[in-house]
Amino acid sequence: PPLFFLMKRRPPRSTLFPYTTLFRSISVMRVYQTNEIKNIALLGSAGSGKTTLAESMLFEAGVIKRKGSVEAKNTVSDYFPVELEYGYSVFPTVFHVEWNNKKLNIIDCPGSDDFVGGAITSLNVTDQAVILINGQYGPEVGTQNNFRYTEKLGKPVIFLVNQLDSDKCDFDNIIATMKDIYGSKCVQIQYPIETGSGFNALIDVLLMKKYSWKPEGGAPIIEDIPEEEMEKAMELHTALVEAAAENDEGLMEKFFESESLTEDELREGIRKGLVTRSIFPVFCVCAGKSMGVHRLMEFLGNVVPFVSEMPKLHNTRGEEITPDSNGPESVYFFKTGMEPHIGEVSYFKVMSGSIKNGDDLTNADRGSKERIGQIYACAGANRVPVEQLNAGDIGCTVKMKDVKTGNTLNGKGAEWRFDFIKYPNPKYSRAIKAANVQDTEKLMAALLKMRQEDPTWIVDQSKELRQVIVRGQGEFHLRTLKWRLENNEKLNVTFEEPRIPYRETITKKARADYRHKKQSGGSGQFGEVHLIVEPYAEGMPDPTSFTFNGQEFKMNIKSREEVSLPWGGKLVFLNSVVGGAIDARFMPAILKGIMDCMEHGPLTGSYARDVRVIVYDGKMHPVDSNELSFMLAARHAFSDAFKQAGPKILEPIYDLEVYVPADFMGDVMSDLQGRRALIMGMDSEAGYQKLSAKIPLKELASYSISLSSLTGGRASFTTKFASYELVPSDIQSKLIADHEAE
């Protein structure tokens, strides 16, 4: 129906919300300047209430007329089928609110450590972190991890204690724990008068007012602080004034003179303290009933720094890029979403300049030309058309021709690329294959498409292991991948434990020779190779002689070739043949035969490494010798010598760091010792115990499941490849026997 018809005739109440959405899409959204934009990430452990808070924020800003709930599966944030299935946030959701003539771009991040990629992506493109703390448990391992990421990226932090209406909430204990962990930088802006089922009021020591609500929530009643709370409120207010004054010399001087600051001066001091991470304000909310959310929104709108006030980002050349609306156009694509009936939705941050519908830009990563179609302000599953987005703003577009996550599009005057998002190493791996072999190609296409949505999914077609390996952040992370393949892509897949990339090497020197001779009419095949193998270490001098069974073999090195192996380690190939026993033109074929054997190790078929080979003698035939003959002779001679040279199997060892509550430390240590781990040290970090160990990759296969089971999901860990080390003799014997049987 025509727009004037909608405006003159009020629709029935039951259809009001769809019409409201229509008006929002038809109306042209105001263009916000860089100094009117704030970008905020909502972080917190699983179950801390981020999605519920996001719903309340949208409701308070008037974006939605009715709040959804996680239980009802109708929230703005969690709208993908897999999120509705599990009741967890899987992807970061971008939305915005307009508040007091300012635009707040907010990203609701997944809480589970398995989906940490979404949190890291969001922190890199926002300027402020709001970290929720579950009022039932206080700071958790997930809280610590999130704070660690903000620390690494230098992002301001606001702490928000949620679920104050829980009977398990002990607010004073939470504050004490936070001060133990984060120090005096934790400064209370609010505190609840009572927690548990009776929570309905809090004291705001910035405004020096009491906020209270009816049991069901709603608009707050704002009153003066009652006399019985005044002493505590003044004590916290004074601490807040001191913390704010420390961030500005002028404010500090005024504080010394009058021992107080105005409300505006307090805000200015807090803003400067946020930018330098010298103050971490603490707020209180009950997101489920919207208690305290409106006040939080006021603080975000009035105090949190704008994009223009934050430190500038750098491009890949190290150049500092100013978010200037009048600068050259440059857009960084940080997220890709695959949405039903739409396809790819590409989310971007405007790094410089102003982006308009129809702009022609160049992809700095792929060299292709792109035309920006319709641009949108993000609103969860919905999108609001806009005419222009300025530097620092966040938006999205659809139907891009050749743009992938991490790409940069530039206009004239800019040749920039950005690569500032660094993801953690994967922790959990599985070999994946299609139940129907004919679906293999379709499976690979689906995996590559899904990796655009979540770069922490790593897909590797391993030639060495002869498997397709999918790596992620945990068992739940990969289970989510499997669910999406089976339900969204209609692909039945199976997971298997991945093979271990063992390595083979030798521990002593050995000598062998082999003659390859074949006669089958006409020209035959003939090649004979005598060689010595020995372990190689960096910086070893070339040999001058060897002794075997009392016989000395002198070496006269004619040529030396050092091969850095693609799988690590080296092969050093020395030609010490004298008297023309083997023509020099056959040396490349001999090296090729040795390399072939290194690629398929004699013990288990694993790659071999760190071997020096000296070819010192041989024979050839003037007619029958050729490259193939010497390649086969070298392969057999090397294999025989390798097996006599004290062969050993090496296994990959990883550095492991486990962050665990102190009361679970004993169980975690016992479990690690049963996994052949070597405990390297223990330390206390930010209220948790940090356990450092070295552990074989084989023992990490199911560690994320075990650790979660032992600690009730309250621990986390990181891994990093360390080295290859010898496997115990009993395990080596089993590996060799298994390989021979196979």
# chains A, B, ... in the order shown; residues from 1 in each chain; ligands from 1
$ residues_around --residues "segment 709-723 of chain A" --least-positions-apart "4" --cutoff "9 Å" --atoms "only C-alpha atoms" --output "ChimeraX atom specification"
/A:113,140-142,145,424-427,651-661,664,667-668,671,694,697,704-705
$ residues_around --residues "segment 328-338 of chain A" --least-positions-apart "3" --cutoff "6 Å" --atoms "only C-alpha atoms" --output "mmCIF file with C-alpha atoms, in the first residue's frame"
data_model
loop_
_atom_site.group_PDB
_atom_site.id
_atom_site.type_symbol
_atom_site.label_atom_id
_atom_site.label_comp_id
_atom_site.auth_asym_id
_atom_site.auth_seq_id
_atom_site.Cartn_x
_atom_site.Cartn_y
_atom_site.Cartn_z
ATOM 1 C CA GLY A 343 23.492 -15.506 0.771
ATOM 2 C CA GLU A 344 26.658 -13.707 1.824
ATOM 3 C CA VAL A 345 26.290 -10.650 4.051
ATOM 4 C CA SER A 346 29.616 -8.779 4.252
ATOM 5 C CA TYR A 347 30.265 -6.691 7.388
ATOM 6 C CA PHE A 348 32.785 -3.862 7.230
ATOM 7 C CA LYS A 349 34.337 -1.002 9.139
ATOM 8 C CA VAL A 350 35.011 2.278 7.356
ATOM 9 C CA MET A 351 38.682 2.936 8.066
ATOM 10 C CA SER A 352 38.854 6.252 6.205
ATOM 11 C CA GLY A 353 36.673 8.452 4.027
ATOM 12 C CA THR A 405 36.796 -11.855 5.196
ATOM 13 C CA GLY A 406 39.948 -9.814 5.837
ATOM 14 C CA ASN A 407 39.906 -7.968 2.492
ATOM 15 C CA THR A 408 40.322 -4.197 2.148
ATOM 16 C CA LEU A 409 38.580 -2.087 -0.524
ATOM 17 C CA ASN A 410 40.087 1.285 -1.411
ATOM 18 C CA GLY A 411 39.047 4.307 -3.419
ATOM 19 C CA GLY A 413 44.286 7.924 -3.213
ATOM 20 C CA ALA A 414 44.591 4.852 -0.981
ATOM 21 C CA GLN A 452 34.599 -17.325 5.824
ATOM 22 C CA GLU A 453 32.110 -17.027 8.694
#
$ residues_around --residues "Val577 of chain A" --least-positions-apart "3" --cutoff "10 Å" --atoms "only C-alpha atoms" --output "NGL selection string"
:A and (529-531 or 555-559 or 574 or 580-584 or 587 or 614-618)
$ residues_around --residues "segment 594-606 of chain A" --least-positions-apart "3" --cutoff "10 Å" --atoms "only C-alpha atoms" --output "JSON, numbers by chain"
{"A": [464, 465, 500, 501, 502, 503, 504, 505, 563, 565, 566, 567, 571, 573, 588, 589, 590, 591, 609, 610, 611, 613, 631, 632, 633, 634, 635, 636, 637, 638, 639, 640, 642, 643, 647, 648, 649, 650, 732, 733, 735, 736, 737, 738, 739, 740, 742]}
$ closest_residue --among "A:Ala61, A:Cys169, A:Ala41, A:Val116" --to "Phe476 of chain A" --atoms "only C-alpha atoms"
A:Val116
$ closest_residue --among "A:Ile421, A:Ala287, A:Ala243, A:Cys186" --to "Lys152 of chain A" --atoms "only C-alpha atoms"
A:Ile421
$ residues_around --residues "Val130 of chain A" --least-positions-apart "3" --cutoff "8 Å" --atoms "only C-alpha atoms" --output "tab-separated table (two decimals) with N, CA and C atoms, in the first residue's frame"
chain	number	residue	atom	x	y	z
A	40	ILE	N	31.17	-0.64	20.36
A	40	ILE	CA	31.22	-1.32	21.66
A	40	ILE	C	31.07	-2.82	21.47
A	41	ALA	N	31.91	-3.60	22.16
A	41	ALA	CA	31.81	-5.07	22.16
A	41	ALA	C	31.25	-5.54	23.50
A	42	LEU	N	30.25	-6.41	23.45
A	42	LEU	CA	29.70	-7.04	24.67
A	42	LEU	C	30.38	-8.39	24.84
A	43	LEU	N	31.12	-8.55	25.94
A	43	LEU	CA	31.87	-9.78	26.19
A	43	LEU	C	31.44	-10.39	27.52
A	157	VAL	N	37.78	-0.84	29.18
A	157	VAL	CA	36.92	-1.88	29.75
A	157	VAL	C	35.95	-1.28	30.75
A	158	ILE	N	34.69	-1.68	30.62
A	158	ILE	CA	33.67	-1.42	31.64
A	158	ILE	C	33.20	-2.78	32.14
A	159	PHE	N	33.17	-2.99	33.44
A	159	PHE	CA	32.65	-4.23	34.01
A	159	PHE	C	31.18	-4.04	34.37
A	160	LEU	N	30.41	-5.08	34.11
A	160	LEU	CA	28.98	-5.02	34.36
A	160	LEU	C	28.57	-6.27	35.11
$ select_by_dssp --residues "segment 475-641 of chain A" --states "helix (DSSP H, G or I)" --output "ChimeraX atom specification"
/A:475-487,584-599,627-641
$ select_by_dssp --residues "segment 255-481 of chain A" --states "strand (DSSP E or B)" --output "JSON, numbers by chain"
{"A": [280, 281, 282, 283, 284, 286, 291, 313, 314, 320, 321, 330, 331, 332, 333, 334, 335, 336, 337, 338, 339, 343, 344, 345, 346, 347, 348, 349, 350, 351, 352, 354, 355, 356, 360, 361, 362, 363, 369, 370, 371, 375, 376, 377, 378, 379, 382, 383, 384, 385, 386, 388, 389, 390, 394, 395, 396, 397, 398, 408, 409, 410, 428, 429, 430, 431, 432, 433, 434, 458, 459, 460, 461, 462, 467, 468, 469, 470, 471, 472]}
$ residues_around --residues "Lys185 of chain A" --least-positions-apart "5" --cutoff "8 Å" --atoms "only C-alpha atoms" --output "PDB file with N, CA, C and O atoms, in the first residue's frame"
ATOM      1  N   LYS A 179      38.924  -6.656  42.727  1.00  0.00           N
ATOM      2  CA  LYS A 179      40.032  -5.791  43.149  1.00  0.00           C
ATOM      3  C   LYS A 179      41.318  -6.599  43.336  1.00  0.00           C
ATOM      4  O   LYS A 179      42.417  -6.103  43.067  1.00  0.00           O
ATOM      5  N   ALA A 243      39.840   8.743  41.409  1.00  0.00           N
ATOM      6  CA  ALA A 243      40.245   7.972  40.234  1.00  0.00           C
ATOM      7  C   ALA A 243      40.077   8.789  38.959  1.00  0.00           C
ATOM      8  O   ALA A 243      40.919   8.736  38.053  1.00  0.00           O
ATOM      9  N   SER A 278      43.288   3.286  32.641  1.00  0.00           N
ATOM     10  CA  SER A 278      43.678   3.525  34.027  1.00  0.00           C
ATOM     11  C   SER A 278      42.474   3.484  34.964  1.00  0.00           C
ATOM     12  O   SER A 278      42.622   3.677  36.170  1.00  0.00           O
ATOM     13  N   ILE A 279      41.288   3.211  34.405  1.00  0.00           N
ATOM     14  CA  ILE A 279      40.087   3.070  35.228  1.00  0.00           C
ATOM     15  C   ILE A 279      39.148   2.065  34.572  1.00  0.00           C
ATOM     16  O   ILE A 279      38.970   2.072  33.354  1.00  0.00           O
ATOM     17  N   PHE A 280      38.595   1.165  35.388  1.00  0.00           N
ATOM     18  CA  PHE A 280      37.636   0.173  34.915  1.00  0.00           C
ATOM     19  C   PHE A 280      36.341   0.360  35.713  1.00  0.00           C
ATOM     20  O   PHE A 280      36.185  -0.198  36.803  1.00  0.00           O
TER      21      PHE A 280
END
$ residues_around --residues "segment 218-234 of chain A" --least-positions-apart "6" --cutoff "6 Å" --atoms "only C-alpha atoms" --output "number ranges by chain"
A: 205, 209-212
$ atom_distance --atom1 "atom CA of Tyr149 of chain A" --atom2 "atom CA of Phe91 of chain A"
17.7 Å
$ closest_residue --among "A:Val82, A:Gln689, A:Leu726, A:Lys214" --to "Lys482 of chain A" --atoms "only C-alpha atoms"
A:Val82
